[in-house]
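Participant: Sending over final.pdb (PDB, C-alpha atoms and all ligand atoms).
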```
MODEL        1
ATOM      1  CA  MET A  57     100.799 138.757  84.314
ATOM      2  CA  GLN A  58     100.534 136.294  87.158
ATOM      3  CA  ALA A  59     102.360 132.981  86.790
ATOM      4  CA  PRO A  60     100.019 129.962  86.680
ATOM      5  CA  PRO A  61      99.817 128.132  90.031
ATOM      6  CA  GLN A  62     102.122 125.167  90.490
ATOM      7  CA  ARG A  63     100.199 121.982  89.754
ATOM      8  CA  GLY A  64      99.315 119.565  92.520
ATOM      9  CA  ALA A  65     100.977 116.167  92.904
ATOM     10  CA  LEU A  66      99.327 112.807  92.288
ATOM     11  CA  ILE A  67     100.327 110.546  95.164
ATOM     12  CA  VAL A  68      99.281 106.889  95.200
ATOM     13  CA  VAL A  69      99.528 104.555  98.175
ATOM     14  CA  GLU A  70      99.527 100.837  97.373
ATOM     15  CA  GLY A  71      99.942  97.629  99.316
ATOM     16  CA  LEU A  72      98.301  94.421 100.417
ATOM     17  CA  ASP A  73      95.270  94.304 102.677
ATOM     18  CA  ARG A  74      96.262  95.151 106.310
ATOM     19  CA  ALA A  75      99.376  97.129 105.271
ATOM     20  CA  GLY A  76      97.890 100.266 106.859
ATOM     21  CA  LYS A  77      97.184 102.197 103.651
ATOM     22  CA  SER A  78      93.982 103.890 104.733
ATOM     23  CA  SER A  79      95.226 105.088 108.134
ATOM     24  CA  GLN A  80      98.439 106.380 106.548
ATOM     25  CA  CYS A  81      96.482 108.170 103.819
ATOM     26  CA  GLU A  82      94.242 109.819 106.400
ATOM     27  CA  SER A  83      97.187 110.930 108.506
ATOM     28  CA  LEU A  84      99.007 112.289 105.450
ATOM     29  CA  TYR A  85      95.854 114.070 104.301
ATOM     30  CA  GLN A  86      95.514 115.803 107.680
ATOM     31  CA  LYS A  87      99.180 116.810 107.815
ATOM     32  CA  LEU A  88      99.099 118.336 104.328
ATOM     33  CA  GLN A  89      95.855 120.114 105.093
ATOM     34  CA  GLN A  90      97.208 121.516 108.357
ATOM     35  CA  SER A  91     100.239 122.856 106.509
ATOM     36  CA  GLY A  92      97.833 124.915 104.388
ATOM     37  CA  ARG A  93      98.008 122.945 101.149
ATOM     38  CA  ALA A  94      95.071 122.224  98.893
ATOM     39  CA  VAL A  95      94.653 118.458  99.138
ATOM     40  CA  LYS A  96      92.080 115.754  98.386
ATOM     41  CA  TYR A  97      91.869 112.115  99.369
ATOM     42  CA  LEU A  98      90.336 109.511  97.054
ATOM     43  CA  ARG A  99      90.139 105.768  97.360
ATOM     44  CA  PHE A 100      89.559 102.988  94.874
ATOM     45  CA  PRO A 101      87.293 101.236  94.569
ATOM     46  CA  ASP A 102      85.026 104.236  95.113
ATOM     47  CA  ARG A 103      81.996 102.246  96.236
ATOM     48  CA  THR A 104      79.627 105.240  96.150
ATOM     49  CA  THR A 105      79.112 105.518  92.374
ATOM     50  CA  ALA A 106      76.797 103.316  90.288
ATOM     51  CA  ILE A 107      79.822 101.338  89.048
ATOM     52  CA  GLY A 108      81.240 101.267  92.582
ATOM     53  CA  LYS A 109      78.037  99.697  93.904
ATOM     54  CA  MET A 110      78.390  96.852  91.404
ATOM     55  CA  ILE A 111      81.991  96.369  92.552
ATOM     56  CA  ASP A 112      80.917  96.415  96.206
ATOM     57  CA  GLY A 113      78.300  93.721  95.597
ATOM     58  CA  TYR A 114      80.901  91.591  93.845
ATOM     59  CA  LEU A 115      83.515  91.997  96.606
ATOM     60  CA  ARG A 116      80.963  91.011  99.250
ATOM     61  CA  CYS A 117      80.079  87.924  97.212
ATOM     62  CA  GLN A 118      76.525  89.146  96.678
ATOM     63  CA  SER A 119      76.981  88.852  92.932
ATOM     64  CA  HIS A 120      79.087  86.893  90.484
ATOM     65  CA  MET A 121      80.727  88.258  87.400
ATOM     66  CA  ASP A 122      83.100  87.188  84.676
ATOM     67  CA  ASP A 123      86.711  87.979  85.679
ATOM     68  CA  HIS A 124      87.164  90.306  82.706
ATOM     69  CA  ALA A 125      83.876  92.112  83.297
ATOM     70  CA  ILE A 126      84.632  92.928  86.953
ATOM     71  CA  HIS A 127      88.164  93.893  86.001
ATOM     72  CA  LEU A 128      86.873  96.452  83.515
ATOM     73  CA  LEU A 129      84.451  97.837  86.110
ATOM     74  CA  PHE A 130      87.347  98.476  88.514
ATOM     75  CA  SER A 131      89.121 100.323  85.703
ATOM     76  CA  ALA A 132      85.952 102.221  84.712
ATOM     77  CA  ASN A 133      85.645 103.299  88.351
ATOM     78  CA  ARG A 134      88.993 105.102  87.892
ATOM     79  CA  TRP A 135      88.142 106.471  84.454
ATOM     80  CA  GLU A 136      84.928 108.004  85.756
ATOM     81  CA  VAL A 137      86.920 110.373  87.993
ATOM     82  CA  ALA A 138      90.013 110.784  85.792
ATOM     83  CA  HIS A 139      88.847 114.048  84.301
ATOM     84  CA  SER A 140      88.036 115.753  87.609
ATOM     85  CA  LEU A 141      91.258 114.396  89.072
ATOM     86  CA  GLU A 142      93.244 116.067  86.278
ATOM     87  CA  GLU A 143      91.370 119.312  86.860
ATOM     88  CA  ASP A 144      92.172 119.239  90.574
ATOM     89  CA  ILE A 145      95.858 118.641  89.871
ATOM     90  CA  ALA A 146      95.963 121.462  87.308
ATOM     91  CA  ARG A 147      94.338 123.795  89.832
ATOM     92  CA  GLY A 148      97.126 123.106  92.325
ATOM     93  CA  THR A 149      95.421 120.504  94.503
ATOM     94  CA  THR A 150      97.501 117.544  95.597
ATOM     95  CA  VAL A 151      95.526 114.307  95.366
ATOM     96  CA  ILE A 152      96.227 111.311  97.603
ATOM     97  CA  VAL A 153      94.877 108.048  96.217
ATOM     98  CA  ASP A 154      94.388 104.916  98.292
ATOM     99  CA  ARG A 155      94.905 102.021  95.762
ATOM    100  CA  TYR A 156      95.022 102.668  92.038
ATOM    101  CA  SER A 157      95.842 100.963  88.738
ATOM    102  CA  TYR A 158      98.551  98.779  90.284
ATOM    103  CA  SER A 159      95.995  97.078  92.555
ATOM    104  CA  GLY A 160      93.708  96.897  89.556
ATOM    105  CA  ALA A 161      96.189  94.916  87.470
ATOM    106  CA  VAL A 162      97.653  92.657  90.145
ATOM    107  CA  TYR A 163      94.493  91.496  91.918
ATOM    108  CA  SER A 164      92.887  90.440  88.634
ATOM    109  CA  ALA A 165      96.053  88.785  87.326
ATOM    110  CA  ALA A 166      96.434  86.930  90.650
ATOM    111  CA  LYS A 167      93.258  84.967  89.879
ATOM    112  CA  MET A 168      95.369  82.871  87.479
ATOM    113  CA  ASN A 169      92.691  82.900  84.804
ATOM    114  CA  PRO A 170      94.733  81.847  81.746
ATOM    115  CA  ALA A 171      92.739  84.320  79.628
ATOM    116  CA  LEU A 172      93.582  87.248  81.926
ATOM    117  CA  SER A 173      97.300  87.995  81.883
ATOM    118  CA  LEU A 174      98.986  90.867  83.702
ATOM    119  CA  GLU A 175      99.493  92.557  80.352
ATOM    120  CA  TRP A 176      95.799  92.255  79.474
ATOM    121  CA  ALA A 177      94.902  93.548  82.922
ATOM    122  CA  TRP A 178      97.125  96.595  82.507
ATOM    123  CA  THR A 179      95.701  97.621  79.125
ATOM    124  CA  PRO A 180      92.590  99.546  80.282
ATOM    125  CA  GLU A 181      94.825 101.614  82.594
ATOM    126  CA  ILE A 182      96.767 103.045  79.636
ATOM    127  CA  GLY A 183      96.052 106.751  79.407
ATOM    128  CA  LEU A 184      95.027 107.281  83.025
ATOM    129  CA  PRO A 185      96.973 109.935  84.971
ATOM    130  CA  GLN A 186     100.282 108.466  86.159
ATOM    131  CA  PRO A 187     101.199 109.074  89.801
ATOM    132  CA  ASP A 188     104.136 111.383  90.488
ATOM    133  CA  LEU A 189     104.947 109.090  93.387
ATOM    134  CA  CYS A 190     103.703 105.644  94.367
ATOM    135  CA  LEU A 191     104.371 104.581  97.944
ATOM    136  CA  PHE A 192     104.259 100.815  98.340
ATOM    137  CA  LEU A 193     103.568  99.935 101.968
ATOM    138  CA  SER A 194     105.327  96.630 102.318
ATOM    139  CA  ILE A 195     104.352  94.194 105.052
ATOM    140  CA  SER A 196     105.182  90.506 105.547
ATOM    141  CA  PRO A 197     102.344  87.950 105.481
ATOM    142  CA  GLU A 198     103.150  87.157 109.139
ATOM    143  CA  ALA A 199     102.849  90.793 110.239
ATOM    144  CA  ALA A 200      99.628  91.184 108.240
ATOM    145  CA  ALA A 201      98.203  88.102 109.979
ATOM    146  CA  GLN A 202      99.092  89.596 113.370
ATOM    147  CA  ARG A 203      97.107  92.697 112.461
ATOM    148  CA  GLY A 204      93.871  90.739 112.456
ATOM    149  CA  GLY A 205      94.274  88.402 109.515
ATOM    150  CA  PHE A 206      91.837  88.346 106.663
ATOM    151  CA  GLY A 207      88.394  89.830 106.320
ATOM    152  CA  VAL A 208      85.408  88.273 104.652
ATOM    153  CA  GLU A 209      85.620  89.843 101.197
ATOM    154  CA  ARG A 210      86.709  88.178  98.017
ATOM    155  CA  TYR A 211      90.518  88.068  97.521
ATOM    156  CA  GLU A 212      91.185  88.068 101.274
ATOM    157  CA  ASN A 213      92.923  84.704 101.466
ATOM    158  CA  ALA A 214      96.556  83.673 101.855
ATOM    159  CA  ALA A 215      97.051  82.047  98.445
ATOM    160  CA  LEU A 216      95.750  85.001  96.456
ATOM    161  CA  GLN A 217      97.541  87.550  98.622
ATOM    162  CA  SER A 218     100.891  85.857  98.146
ATOM    163  CA  ARG A 219     100.443  85.983  94.356
ATOM    164  CA  VAL A 220      99.410  89.631  94.687
ATOM    165  CA  ARG A 221     102.636  90.331  96.576
ATOM    166  CA  GLU A 222     104.742  88.874  93.748
ATOM    167  CA  LEU A 223     102.748  90.568  91.006
ATOM    168  CA  PHE A 224     103.181  93.988  92.634
ATOM    169  CA  GLN A 225     106.947  93.500  92.260
ATOM    170  CA  THR A 226     106.518  92.433  88.629
ATOM    171  CA  ILE A 227     104.358  95.405  87.665
ATOM    172  CA  PHE A 228     106.694  97.851  89.435
ATOM    173  CA  ARG A 229     109.619  96.398  87.475
ATOM    174  CA  LEU A 230     107.699  96.790  84.223
ATOM    175  CA  GLN A 231     106.657 100.391  85.021
ATOM    176  CA  GLN A 232     110.094 101.804  85.509
ATOM    177  CA  SER A 233     109.078 105.423  85.130
ATOM    178  CA  GLY A 234     106.596 104.918  87.953
ATOM    179  CA  ASN A 235     108.658 106.486  90.743
ATOM    180  CA  ILE A 236     107.814 103.668  93.140
ATOM    181  CA  ARG A 237     109.107 103.904  96.676
ATOM    182  CA  THR A 238     108.854 100.893  98.958
ATOM    183  CA  ILE A 239     108.229 101.695 102.596
ATOM    184  CA  ASP A 240     108.666  99.122 105.360
ATOM    185  CA  ALA A 241     105.185  99.191 106.864
ATOM    186  CA  GLY A 242     106.004  96.647 109.575
ATOM    187  CA  ARG A 243     107.266  99.454 111.844
ATOM    188  CA  SER A 244     105.295 101.673 114.226
ATOM    189  CA  PHE A 245     102.558 103.863 112.789
ATOM    190  CA  GLU A 246     104.553 107.034 113.549
ATOM    191  CA  GLU A 247     107.754 105.793 111.914
ATOM    192  CA  VAL A 248     105.876 104.865 108.766
ATOM    193  CA  ALA A 249     103.922 108.149 108.794
ATOM    194  CA  GLN A 250     107.148 110.117 108.996
ATOM    195  CA  GLU A 251     108.712 108.359 106.029
ATOM    196  CA  VAL A 252     105.484 108.782 104.069
ATOM    197  CA  GLU A 253     105.398 112.506 104.795
ATOM    198  CA  ILE A 254     109.067 113.080 103.937
ATOM    199  CA  SER A 255     108.694 111.188 100.645
ATOM    200  CA  VAL A 256     105.614 113.180  99.683
ATOM    201  CA  LEU A 257     107.152 116.558 100.545
ATOM    202  CA  ASP A 258     110.228 115.579  98.486
ATOM    203  CA  CYS A 259     107.995 114.714  95.558
ATOM    204  CA  ILE A 260     106.088 117.995  95.793
ATOM    205  CA  ALA A 261     109.354 119.924  95.959
ATOM    206  CA  GLY A 262     110.565 118.152  92.794
ATOM    207  CA  LEU A 263     107.403 118.595  90.717
ATOM    208  CA  ASP A 264     108.977 121.183  88.417
ATOM    209  CA  ALA A 265     111.570 118.627  87.378
ATOM    210  CA  ILE A 266     108.858 116.054  86.634
ATOM    211  CA  GLY A 267     106.950 118.526  84.462
ATOM    212  CA  PRO A 268     103.306 118.088  83.462
ATOM    213  CA  LEU A 269     101.194 115.214  84.756
ATOM    214  CA  ARG A 270     102.058 112.092  82.790
ATOM    215  CA  ARG A 271      99.820 109.251  81.601
ATOM    216  CA  PHE A 272     100.229 105.530  81.968
ATOM    217  CA  GLN A 273     101.707 103.746  78.982
ATOM    218  CA  SER A 274     101.772 100.155  77.856
ATOM    219  CA  ILE A 275     103.908  97.870  80.048
ATOM    220  CA  THR A 276     105.525  96.180  77.066
ATOM    221  CA  HIS A 277     107.492  99.326  76.201
TER     222      HIS A 277
HETATM  223  N1  LIG B 301      90.824  95.758  94.101
HETATM  224  C1  LIG B 301      90.976  97.100  94.240
HETATM  225  C2  LIG B 301      90.824  95.174  92.838
HETATM  226  O1  LIG B 301      90.682  93.959  92.719
HETATM  227  N2  LIG B 301      90.970  95.964  91.732
HETATM  228  C3  LIG B 301      91.120  97.324  91.831
HETATM  229  O2  LIG B 301      91.234  98.015  90.804
HETATM  230  C4  LIG B 301      91.119  97.921  93.144
HETATM  231  C5  LIG B 301      91.274  99.397  93.280
HETATM  232  O3  LIG B 301      89.436  95.443  95.948
HETATM  233  N3  LIG B 301      91.059  93.421  98.174
HETATM  234  C6  LIG B 301      90.574  94.921  95.288
HETATM  235  C7  LIG B 301      91.653  94.928  96.321
HETATM  236  C8  LIG B 301      90.930  94.779  97.650
HETATM  237  C9  LIG B 301      89.475  95.076  97.327
HETATM  238  O4  LIG B 301      89.738  97.246  98.367
HETATM  239  C10 LIG B 301      88.864  96.177  98.168
HETATM  240  P1  LIG B 301      89.857  97.930  99.823
HETATM  241  O5  LIG B 301      90.976  98.908  99.692
HETATM  242  O6  LIG B 301      90.187  96.808 100.777
HETATM  243  O7  LIG B 301      88.516  98.531 100.086
HETATM  244 MG    MG B 302      90.482  95.379 102.079
ENDMDL
END
```
Please render this file's structure as structure tokens.

Facilitator:
Amino acid sequence: MQAPPQRGALIVVEGLDRAGKSSQCESLYQKLQQSGRAVKYLRFPDRTTAIGKMIDGYLRCQSHMDDHAIHLLFSANRWEVAHSLEEDIARGTTVIVDRYSYSGAVYSAAKMNPALSLEWAWTPEIGLPQPDLCLFLSISPEAAAQRGGFGVERYENAALQSRVRELFQTIFRLQQSGNIRTIDAGRSFEEVAQEVEISVLDCIAGLDAIGPLRRFQSITH
């Protein structure tokens, strides 16, 4: 009998706006593909689905929504692909994800709505596939500003971003099994890309030790 194929890895790339997540994800995707691996690239929010279109309208300030309601839509936008994501991983496809549950929790908690704590924000993520590796592309506010500053969407302002920066550290501390690796994204594109690639290849090589795909748990554990 043939052994089942090795499962794919779930790789998440997180960071603030302007950290270079999307260009690094694309470069990583191409490198893995060129090396002959089965690989997919997803990003959240996925603005193409019905839920994603509601999120898009909200981010562009075309609609208003209660903080909890929009938060749950961001989470639902992950849940709507969770099943196919698990199938891809089981089939041996490595999946690269540009923003995930960590962004989901910290951006909502950064609004400082007293009825929306970080713990509340994390709750709908419980049970989603947990990344085998999360690369946090870390960039200083000054370097981010030099890269073109803020865009026009909601959340793209200095006060919110600085709270987001702190909350990322808090959630990473609370998710100790998360295998978070911080990468200094203030360096040249190539230097960052190299460290990203090495970290991902290391993770793929160590998948047997990790075992089956895990699921997110409560952060109070
Ligand atoms: N964002 C992203 C959230 O508020 N919650 C989430 O769950 C996710 C995935 O959407 N400023 C925010 C962070 C970003 C904004 O993302 C749009 P992007 O990657 O800039 O398109
Ligand atoms: Mg953005």

Participant: Just how far from CA of Thr276 (chain A) is CA of Gln186 (chain A), in Å to one decimal?

Facilitator: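 Answer for the CA of Gln186 (chain A) to CA of Thr276 (chain A) separation: 16.2 Å.
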
Participant: Please give the centre and size of the box around ligand LIG 301 (chain B) (axis-aligned, containing every atom listed in the file, 3 Å added per side), with values in Å to one decimal and written as AutoDock Vina command-line options.

Facilitator:
```
--center_x 90.1 --center_y 96.4 --center_z 95.8 --size_x 9.1 --size_y 12.0 --size_z 16.0
```

Participant: Taking all atoms listed in the file into account, which residues have an atom no farther than 10 Å from ligand MG 302 (chain B)? I'd like them as an MDAnalysis selection string.

Facilitator: chainID A and resid 72:75 77:78 115 206:212

Participant: Ligand LIG 301 (chain B): which residues are within 9 Å, counting only C-alpha atoms and all ligand atoms? Reply as a tab-separated table (two decimals) with C-alpha atoms, keeping the file's coordinate frame.

Facilitator:
```tsv
chain	number	residue	atom	x	y	z
A	72	LEU	CA	98.30	94.42	100.42
A	73	ASP	CA	95.27	94.30	102.68
A	74	ARG	CA	96.26	95.15	106.31
A	77	LYS	CA	97.18	102.20	103.65
A	78	SER	CA	93.98	103.89	104.73
A	99	ARG	CA	90.14	105.77	97.36
A	100	PHE	CA	89.56	102.99	94.87
A	101	PRO	CA	87.29	101.24	94.57
A	102	ASP	CA	85.03	104.24	95.11
A	103	ARG	CA	82.00	102.25	96.24
A	111	ILE	CA	81.99	96.37	92.55
A	112	ASP	CA	80.92	96.42	96.21
A	115	LEU	CA	83.52	92.00	96.61
A	126	ILE	CA	84.63	92.93	86.95
A	127	HIS	CA	88.16	93.89	86.00
A	128	LEU	CA	86.87	96.45	83.52
A	129	LEU	CA	84.45	97.84	86.11
A	130	PHE	CA	87.35	98.48	88.51
A	131	SER	CA	89.12	100.32	85.70
A	133	ASN	CA	85.64	103.30	88.35
A	134	ARG	CA	88.99	105.10	87.89
A	154	ASP	CA	94.39	104.92	98.29
A	155	ARG	CA	94.90	102.02	95.76
A	156	TYR	CA	95.02	102.67	92.04
A	157	SER	CA	95.84	100.96	88.74
A	158	TYR	CA	98.55	98.78	90.28
A	159	SER	CA	96.00	97.08	92.56
A	160	GLY	CA	93.71	96.90	89.56
A	161	ALA	CA	96.19	94.92	87.47
A	162	VAL	CA	97.65	92.66	90.14
A	163	TYR	CA	94.49	91.50	91.92
A	164	SER	CA	92.89	90.44	88.63
A	209	GLU	CA	85.62	89.84	101.20
A	210	ARG	CA	86.71	88.18	98.02
A	211	TYR	CA	90.52	88.07	97.52
A	212	GLU	CA	91.18	88.07	101.27
A	217	GLN	CA	97.54	87.55	98.62
```

Participant: Wanna dump the region 86-203 of chain A-region 229-252 of chain A contacts at 9 Å for me, each residue with its shortest atom pair and the distance in Å to one decimal, counting only C-alpha atoms, ordered by chain and number, as JSON lines?

Facilitator:
```
{"residue": "A:Gln186", "atom": "CA", "partner": "A:Gly234", "partner_atom": "CA", "distance": 7.5}
{"residue": "A:Pro187", "atom": "CA", "partner": "A:Gly234", "partner_atom": "CA", "distance": 7.1}
{"residue": "A:Asp188", "atom": "CA", "partner": "A:Asn235", "partner_atom": "CA", "distance": 6.7}
{"residue": "A:Leu189", "atom": "CA", "partner": "A:Asn235", "partner_atom": "CA", "distance": 5.2}
{"residue": "A:Cys190", "atom": "CA", "partner": "A:Ile236", "partner_atom": "CA", "distance": 4.7}
{"residue": "A:Leu191", "atom": "CA", "partner": "A:Arg237", "partner_atom": "CA", "distance": 4.9}
{"residue": "A:Phe192", "atom": "CA", "partner": "A:Thr238", "partner_atom": "CA", "distance": 4.6}
{"residue": "A:Leu193", "atom": "CA", "partner": "A:Ile239", "partner_atom": "CA", "distance": 5.0}
{"residue": "A:Ser194", "atom": "CA", "partner": "A:Asp240", "partner_atom": "CA", "distance": 5.2}
{"residue": "A:Ile195", "atom": "CA", "partner": "A:Ala241", "partner_atom": "CA", "distance": 5.4}
{"residue": "A:Ser196", "atom": "CA", "partner": "A:Gly242", "partner_atom": "CA", "distance": 7.4}
{"residue": "A:Ala199", "atom": "CA", "partner": "A:Gly242", "partner_atom": "CA", "distance": 6.7}
{"residue": "A:Ala200", "atom": "CA", "partner": "A:Gly242", "partner_atom": "CA", "distance": 8.5}
```

Participant: Could you give me region 63-77 of chain A completed to N, CA, C and O atoms, formatted as a PDB file, in the coordinates of the input?

Facilitator:
```
ATOM      1  N   ARG A  63     101.202 123.051  89.716  1.00  0.00           N
ATOM      2  CA  ARG A  63     100.199 121.982  89.754  1.00  0.00           C
ATOM      3  C   ARG A  63     100.329 121.171  91.036  1.00  0.00           C
ATOM      4  O   ARG A  63     101.358 121.190  91.713  1.00  0.00           O
ATOM      5  N   GLY A  64      99.267 120.466  91.373  1.00  0.00           N
ATOM      6  CA  GLY A  64      99.315 119.565  92.520  1.00  0.00           C
ATOM      7  C   GLY A  64     100.027 118.275  92.149  1.00  0.00           C
ATOM      8  O   GLY A  64     100.323 118.036  90.976  1.00  0.00           O
ATOM      9  N   ALA A  65     100.318 117.452  93.145  1.00  0.00           N
ATOM     10  CA  ALA A  65     100.977 116.167  92.904  1.00  0.00           C
ATOM     11  C   ALA A  65      99.938 115.053  92.985  1.00  0.00           C
ATOM     12  O   ALA A  65      98.975 115.143  93.745  1.00  0.00           O
ATOM     13  N   LEU A  66     100.168 114.005  92.196  1.00  0.00           N
ATOM     14  CA  LEU A  66      99.327 112.807  92.288  1.00  0.00           C
ATOM     15  C   LEU A  66     100.111 111.746  93.060  1.00  0.00           C
ATOM     16  O   LEU A  66     101.130 111.241  92.582  1.00  0.00           O
ATOM     17  N   ILE A  67      99.630 111.468  94.260  1.00  0.00           N
ATOM     18  CA  ILE A  67     100.327 110.546  95.164  1.00  0.00           C
ATOM     19  C   ILE A  67      99.471 109.300  95.353  1.00  0.00           C
ATOM     20  O   ILE A  67      98.314 109.391  95.780  1.00  0.00           O
ATOM     21  N   VAL A  68     100.028 108.138  95.044  1.00  0.00           N
ATOM     22  CA  VAL A  68      99.281 106.889  95.200  1.00  0.00           C
ATOM     23  C   VAL A  68      99.900 106.067  96.323  1.00  0.00           C
ATOM     24  O   VAL A  68     101.126 106.017  96.464  1.00  0.00           O
ATOM     25  N   VAL A  69      99.045 105.464  97.121  1.00  0.00           N
ATOM     26  CA  VAL A  69      99.528 104.555  98.175  1.00  0.00           C
ATOM     27  C   VAL A  69      98.992 103.161  97.852  1.00  0.00           C
ATOM     28  O   VAL A  69      97.788 102.966  97.680  1.00  0.00           O
ATOM     29  N   GLU A  70      99.896 102.207  97.717  1.00  0.00           N
ATOM     30  CA  GLU A  70      99.527 100.837  97.373  1.00  0.00           C
ATOM     31  C   GLU A  70     100.018  99.862  98.438  1.00  0.00           C
ATOM     32  O   GLU A  70     100.879 100.205  99.253  1.00  0.00           O
ATOM     33  N   GLY A  71      99.489  98.656  98.387  1.00  0.00           N
ATOM     34  CA  GLY A  71      99.942  97.629  99.316  1.00  0.00           C
ATOM     35  C   GLY A  71      98.891  96.554  99.457  1.00  0.00           C
ATOM     36  O   GLY A  71      97.788  96.681  98.922  1.00  0.00           O
ATOM     37  N   LEU A  72      99.257  95.496 100.195  1.00  0.00           N
ATOM     38  CA  LEU A  72      98.301  94.421 100.417  1.00  0.00           C
ATOM     39  C   LEU A  72      97.293  94.845 101.479  1.00  0.00           C
ATOM     40  O   LEU A  72      97.498  95.840 102.177  1.00  0.00           O
ATOM     41  N   ASP A  73      96.229  94.049 101.614  1.00  0.00           N
ATOM     42  CA  ASP A  73      95.270  94.304 102.677  1.00  0.00           C
ATOM     43  C   ASP A  73      96.014  94.219 104.021  1.00  0.00           C
ATOM     44  O   ASP A  73      96.911  93.396 104.187  1.00  0.00           O
ATOM     45  N   ARG A  74      95.666  95.089 104.958  1.00  0.00           N
ATOM     46  CA  ARG A  74      96.262  95.151 106.310  1.00  0.00           C
ATOM     47  C   ARG A  74      97.640  95.840 106.347  1.00  0.00           C
ATOM     48  O   ARG A  74      98.319  95.803 107.357  1.00  0.00           O
ATOM     49  N   ALA A  75      98.069  96.463 105.256  1.00  0.00           N
ATOM     50  CA  ALA A  75      99.376  97.129 105.271  1.00  0.00           C
ATOM     51  C   ALA A  75      99.281  98.485 105.973  1.00  0.00           C
ATOM     52  O   ALA A  75     100.309  99.083 106.305  1.00  0.00           O
ATOM     53  N   GLY A  76      98.062  98.974 106.177  1.00  0.00           N
ATOM     54  CA  GLY A  76      97.890 100.266 106.859  1.00  0.00           C
ATOM     55  C   GLY A  76      97.702 101.435 105.902  1.00  0.00           C
ATOM     56  O   GLY A  76      97.863 102.593 106.297  1.00  0.00           O
ATOM     57  N   LYS A  77      97.326 101.137 104.663  1.00  0.00           N
ATOM     58  CA  LYS A  77      97.184 102.197 103.651  1.00  0.00           C
ATOM     59  C   LYS A  77      96.207 103.297 104.069  1.00  0.00           C
ATOM     60  O   LYS A  77      96.528 104.478 103.997  1.00  0.00           O
TER      61      LYS A  77
END
```
